[in-house]
Amino acid sequence: MNDNCLKLTAYFGERDRATGGFLADAFTDIYGRHELATSLLLRGALGFGPNQHIRTDRLLTVSEDLPLVSVAVDTRERIEAALGEVNALEFNGLVTLERAQMLTDRISTRPNLPWLQQAETKLTIYVGRQERVRGKPAYEAVVAFLRERGIAGATVLLGVDGTAHGVRERAKFFARNASVPLMVIAVGATSRVAALVPELCGMLSRPLITLERVQVCKLDAVKLAEPLHLPESDSAGRGVWQKLIVYSGEQARANGQPLHDALIRELRRAGAAGATSLRGIWGYHGNHQPHGDSFWQLRRRVPIVTVIVDTPARIRRWFAIADDLTRETGLVTSETVPAGSYRQTRWNQDTDIAWS
């Protein structure tokens with residue numbers, strides 16, 4: 001199937017609760033009941049939300065409260081059905097809806113992307129943790145393929161829970177967790193991405209791929225563009241949102257600190273509503289060979305993805321901070337978020353998502 005779809009994303013804390021249990025389980029249970037094509041629960045490394053409390057994995061204690069990101073993808077009809085239950089949950093965090101094209105079958109021709117001439121494309125491939133392609137882990141095979149085809153970089157993010165092709169797949173400590181999904185994210189020129197998709201689909205036994213329009217604002221210390229200047233509201237008066245993503249490596253530094261750490265803390269000091277850094281397990285950038293964690297390494301060499309969502313006017317402020325901190329390295333992209341809501345039920349400031 002080559003279809004328009006919606007991506008539903010929620011940002012919250014690991015210890016947040018809803019309906020008598022953990023909020024993370026509530027989200028994935030909803031997605032499992034609706035048999036969504038795919039969903040992932042991602043555990044962040046560092047972040048903060050509307051309450052401005054920093055959550056980090058540096059303090060390994062029994063009271064650990066890491067940032068979490070829950071992502072679900074399916075057709076508009078199925079996501080909207082699940083959204084009704086999501087909106088009924090009481091929690092503090094952020095929920096967004098974004099448009100994408102979804103591929104769930106092998107195709108012989110390149111997909112028809114309406115933004116072909118205007119922007120770059122974000123390519124996301126969902127595979128099982130233990131799925132294999134050409135005798136190696138599927139995510140390694142996909143990353144190697146993207147590098148061979150000239151895509152400038154790719155990042156693998158590991159899911160700890162989720163659904164795969166409509167089936168709930170929870171990671172367990174004493175298990176292979178073969179079907180627990182993970183995602184491979186890459187950004188490239190739309191024409192190049194569209195050309196490689198048929199072969200990429202042919203590599204996978206059950207393809208599940210999304211394609212989204214994205215703007216590359218900065219690459220390897222070179223500023224290419226400011227984030228698009230969007231109106232603060234749409235024609236119906238609903239608020240418009242915008243997203244910045246900063247791709248870096250854990251060894252990247254800014255002002256003597258890890259780049260993602262400096263970025264999160266500077267955004268918090270400047271008054272941003274929230275930001276989350278996710279640590280990848282595998283990936284590459286530029287001409288470097290794909291790499292991840294190794295037992296013998298003294299320093300981690302894994303990719304980091306930092307996500308910031310806010311109003312267009314505020315995003316321009318946060319881009320200035322990201323621009324300053326990525327003076328030496330990093331990829332910065334911008335995306336339009338048609339619908340979003342900061343959920344602050346504790347202070348009665350909740351506004352449900354409006355979608356059209």
# chains A, B, ... in the order shown; residues from 1 in each chain; ligands from 1
$ select_by_dssp --residues "range 271-320 of chain A" --states "strand (DSSP E or B)" --output "PyMOL selection string"
chain A and resi 275-279+282-285+291-292+303-310
$ write_last_selection --atoms "N, CA and C atoms" --output "compact mmCIF listing (two decimals), in the first residue's frame"
# COMPACT_ATOMS: atom_id res chain seq x y z
N ALA A 275 12.08 19.95 25.24
CA ALA A 275 12.98 19.36 24.24
C ALA A 275 13.40 17.99 24.73
N THR A 276 13.68 17.08 23.81
CA THR A 276 14.05 15.71 24.16
C THR A 276 15.21 15.24 23.28
N SER A 277 16.23 14.64 23.92
CA SER A 277 17.33 14.01 23.19
C SER A 277 17.21 12.51 23.28
N LEU A 278 17.30 11.85 22.11
CA LEU A 278 17.22 10.40 22.00
C LEU A 278 18.57 9.85 21.57
N ARG A 279 19.04 8.81 22.24
CA ARG A 279 20.34 8.21 21.91
C ARG A 279 20.13 7.03 20.96
N TRP A 282 23.02 2.89 16.48
CA TRP A 282 23.82 2.62 15.29
C TRP A 282 23.60 3.76 14.31
N GLY A 283 24.55 4.01 13.45
CA GLY A 283 24.36 5.04 12.44
C GLY A 283 25.67 5.52 11.87
N TYR A 284 25.57 6.55 11.04
CA TYR A 284 26.76 7.14 10.43
C TYR A 284 26.43 8.56 10.00
N HIS A 285 27.48 9.31 9.70
CA HIS A 285 27.31 10.66 9.20
C HIS A 285 28.45 10.94 8.22
N HIS A 291 28.62 2.98 12.75
CA HIS A 291 29.19 2.59 14.03
C HIS A 291 28.14 2.69 15.13
N GLY A 292 28.44 2.09 16.27
CA GLY A 292 27.60 2.15 17.46
C GLY A 292 28.46 1.89 18.67
N PRO A 303 24.88 8.02 17.68
CA PRO A 303 24.20 9.24 17.25
C PRO A 303 23.20 9.72 18.30
N ILE A 304 22.95 11.02 18.29
CA ILE A 304 21.98 11.65 19.19
C ILE A 304 21.01 12.48 18.33
N VAL A 305 19.72 12.35 18.63
CA VAL A 305 18.68 13.12 17.94
C VAL A 305 17.95 13.97 18.98
N THR A 306 17.96 15.29 18.81
CA THR A 306 17.29 16.19 19.74
C THR A 306 16.11 16.86 19.05
N VAL A 307 14.92 16.77 19.66
CA VAL A 307 13.67 17.24 19.07
C VAL A 307 13.12 18.41 19.88
N ILE A 308 12.74 19.49 19.18
CA ILE A 308 12.11 20.66 19.80
C ILE A 308 10.85 20.99 19.02
N VAL A 309 9.72 21.10 19.69
CA VAL A 309 8.45 21.46 19.05
C VAL A 309 7.90 22.70 19.73
N ASP A 310 7.50 23.71 18.93
CA ASP A 310 6.97 24.94 19.51
C ASP A 310 6.25 25.72 18.42
$ residues_around --residues "Val69 in chain A" --least-positions-apart "5" --cutoff "6 Å" --atoms "only C-alpha atoms" --output "PyMOL selection string"
chain A and resi 10-11+41-42
$ residues_around --residues "Arg33 in chain A" --least-positions-apart "4" --cutoff "9 Å" --atoms "only C-alpha atoms" --output "list in words"
Thr28, Asp29, Ala82, Gly166, Val167 and Arg168 of chain A
$ residues_around --residues "Ala26 in chain A" --least-positions-apart "4" --cutoff "10 Å" --atoms "only C-alpha atoms" --output "PyMOL selection string"
chain A and resi 17-22+30-32+85-86+89
$ residues_around --residues "Thr190 in chain A" --least-positions-apart "6" --cutoff "6 Å" --atoms "only C-alpha atoms" --output "PyMOL selection string"
chain A and resi 116+120-121
$ write_last_selection --atoms "all heavy atoms" --output "CSV table (one decimal), in the first residue's frame"
chain,number,residue,atom,x,y,z
A,116,LEU,N,8.4,17.1,-4.4
A,116,LEU,CA,9.6,16.7,-5.1
A,116,LEU,C,10.6,17.9,-5.3
A,116,LEU,O,11.8,17.7,-5.1
A,116,LEU,CB,9.3,16.0,-6.4
A,116,LEU,CG,10.5,15.5,-7.3
A,116,LEU,CD1,11.2,14.5,-6.5
A,116,LEU,CD2,10.0,15.0,-8.6
A,120,GLU,N,13.6,18.6,1.0
A,120,GLU,CA,14.2,17.3,1.2
A,120,GLU,C,13.2,16.4,1.8
A,120,GLU,O,12.1,16.8,2.1
A,120,GLU,CB,15.5,17.5,2.1
A,120,GLU,CG,16.7,18.1,1.4
A,120,GLU,CD,16.5,19.7,1.4
A,120,GLU,OE1,15.7,20.2,2.2
A,120,GLU,OE2,17.3,20.3,0.7
A,121,THR,N,13.6,15.1,2.0
A,121,THR,CA,12.6,14.1,2.5
A,121,THR,C,13.3,13.4,3.7
A,121,THR,O,14.5,13.0,3.6
A,121,THR,CB,12.3,13.1,1.4
A,121,THR,OG1,11.5,13.8,0.4
A,121,THR,CG2,11.5,12.0,1.9
$ residues_around --residues "Ser205 in chain A" --least-positions-apart "6" --cutoff "12 Å" --atoms "only C-alpha atoms" --output "JSON list (two decimals) with C-alpha atoms, in the first residue's frame"
[["chain", "number", "residue", "atom", "x", "y", "z"],
["A", 104, "THR", "CA", 3.61, -1.23, 3.35],
["A", 105, "ASP", "CA", 4.23, -3.25, 0.17],
["A", 106, "ARG", "CA", 7.03, -3.77, -2.29],
["A", 126, "TYR", "CA", 10.53, 0.38, 10.74],
["A", 127, "VAL", "CA", 12.01, -3.10, 11.27],
["A", 128, "GLY", "CA", 12.12, -5.71, 14.04],
["A", 131, "GLU", "CA", 14.93, -9.07, 11.87],
["A", 132, "ARG", "CA", 17.67, -10.03, 9.42],
["A", 133, "VAL", "CA", 18.49, -9.01, 5.86],
["A", 134, "ARG", "CA", 21.31, -10.49, 3.79],
["A", 138, "ALA", "CA", 18.05, -5.59, 9.26]]
$ select_by_dssp --residues "range 106-252 of chain A" --states "alpha helix (DSSP H)" --output "list in words"
Ala138, Tyr139, Glu140, Ala141, Val142, Val143, Ala144, Phe145, Leu146, Arg147, Glu148, Thr190, Ser191, Arg192, Val193, Ala194, Ala195, Leu196, Val197, Pro198, Glu199, Leu200, Cys201, Gly202 and Met203 of chain A
$ closest_atom_pairs --of "range 167-270 of chain A" --to "range 316-329 of chain A" --cutoff "12 Å" --atoms "only C-alpha atoms" --output "tab-separated table"
residue	atom	partner	partner_atom	distance
A:Cys217	CA	A:Asp323	CA	9.1
A:Lys218	CA	A:Asp323	CA	7.7
A:Leu219	CA	A:Thr329	CA	7.4
A:Asp220	CA	A:Thr329	CA	4.6
A:Ala221	CA	A:Glu328	CA	5.0
A:Val222	CA	A:Arg327	CA	8.0
A:Lys223	CA	A:Asp323	CA	7.6
A:Leu224	CA	A:Asp323	CA	10.7
A:Ala225	CA	A:Phe319	CA	10.6
A:Glu226	CA	A:Arg316	CA	7.8
A:Pro227	CA	A:Arg316	CA	6.8
A:Leu228	CA	A:Arg316	CA	8.9
A:His229	CA	A:Arg316	CA	8.3
A:Leu230	CA	A:Arg316	CA	10.2
A:Trp241	CA	A:Arg316	CA	11.7
A:Gln242	CA	A:Arg316	CA	9.5
A:Lys243	CA	A:Phe319	CA	10.0
A:Leu244	CA	A:Phe319	CA	7.4
A:Ile245	CA	A:Ala322	CA	9.5
A:Val246	CA	A:Ala322	CA	7.6
A:Tyr247	CA	A:Thr329	CA	9.2
A:Ser248	CA	A:Thr329	CA	7.2
A:Gly249	CA	A:Thr329	CA	8.9
A:Glu250	CA	A:Thr329	CA	11.5
A:Gln251	CA	A:Thr329	CA	10.6
A:Ala252	CA	A:Thr329	CA	7.2
A:Arg253	CA	A:Glu328	CA	8.5
A:Ala254	CA	A:Leu325	CA	5.6
A:Asn255	CA	A:Leu325	CA	7.7
A:Gly256	CA	A:Leu325	CA	10.7
A:Gln257	CA	A:Leu325	CA	10.2
A:Pro258	CA	A:Leu325	CA	10.2
A:Leu259	CA	A:Leu325	CA	6.9
A:His260	CA	A:Leu325	CA	9.1
A:Asp261	CA	A:Leu325	CA	10.5
A:Ala262	CA	A:Leu325	CA	7.7
A:Leu263	CA	A:Ala322	CA	6.7
A:Ile264	CA	A:Ala322	CA	9.7
A:Arg265	CA	A:Ile321	CA	10.7
A:Glu266	CA	A:Ile321	CA	7.5
A:Leu267	CA	A:Trp318	CA	6.8
A:Arg268	CA	A:Trp318	CA	10.2
A:Arg269	CA	A:Ile321	CA	11.0
A:Ala270	CA	A:Trp318	CA	8.4
$ closest_residue --among "A:Val240, A:Ala88, A:Leu200, A:Pro290" --to "Val156 in chain A" --atoms "only C-alpha atoms"
A:Pro290
$ residues_around --residues "Ser108 in chain A" --least-positions-apart "3" --cutoff "10 Å" --atoms "only C-alpha atoms" --output "count of residues only"
7
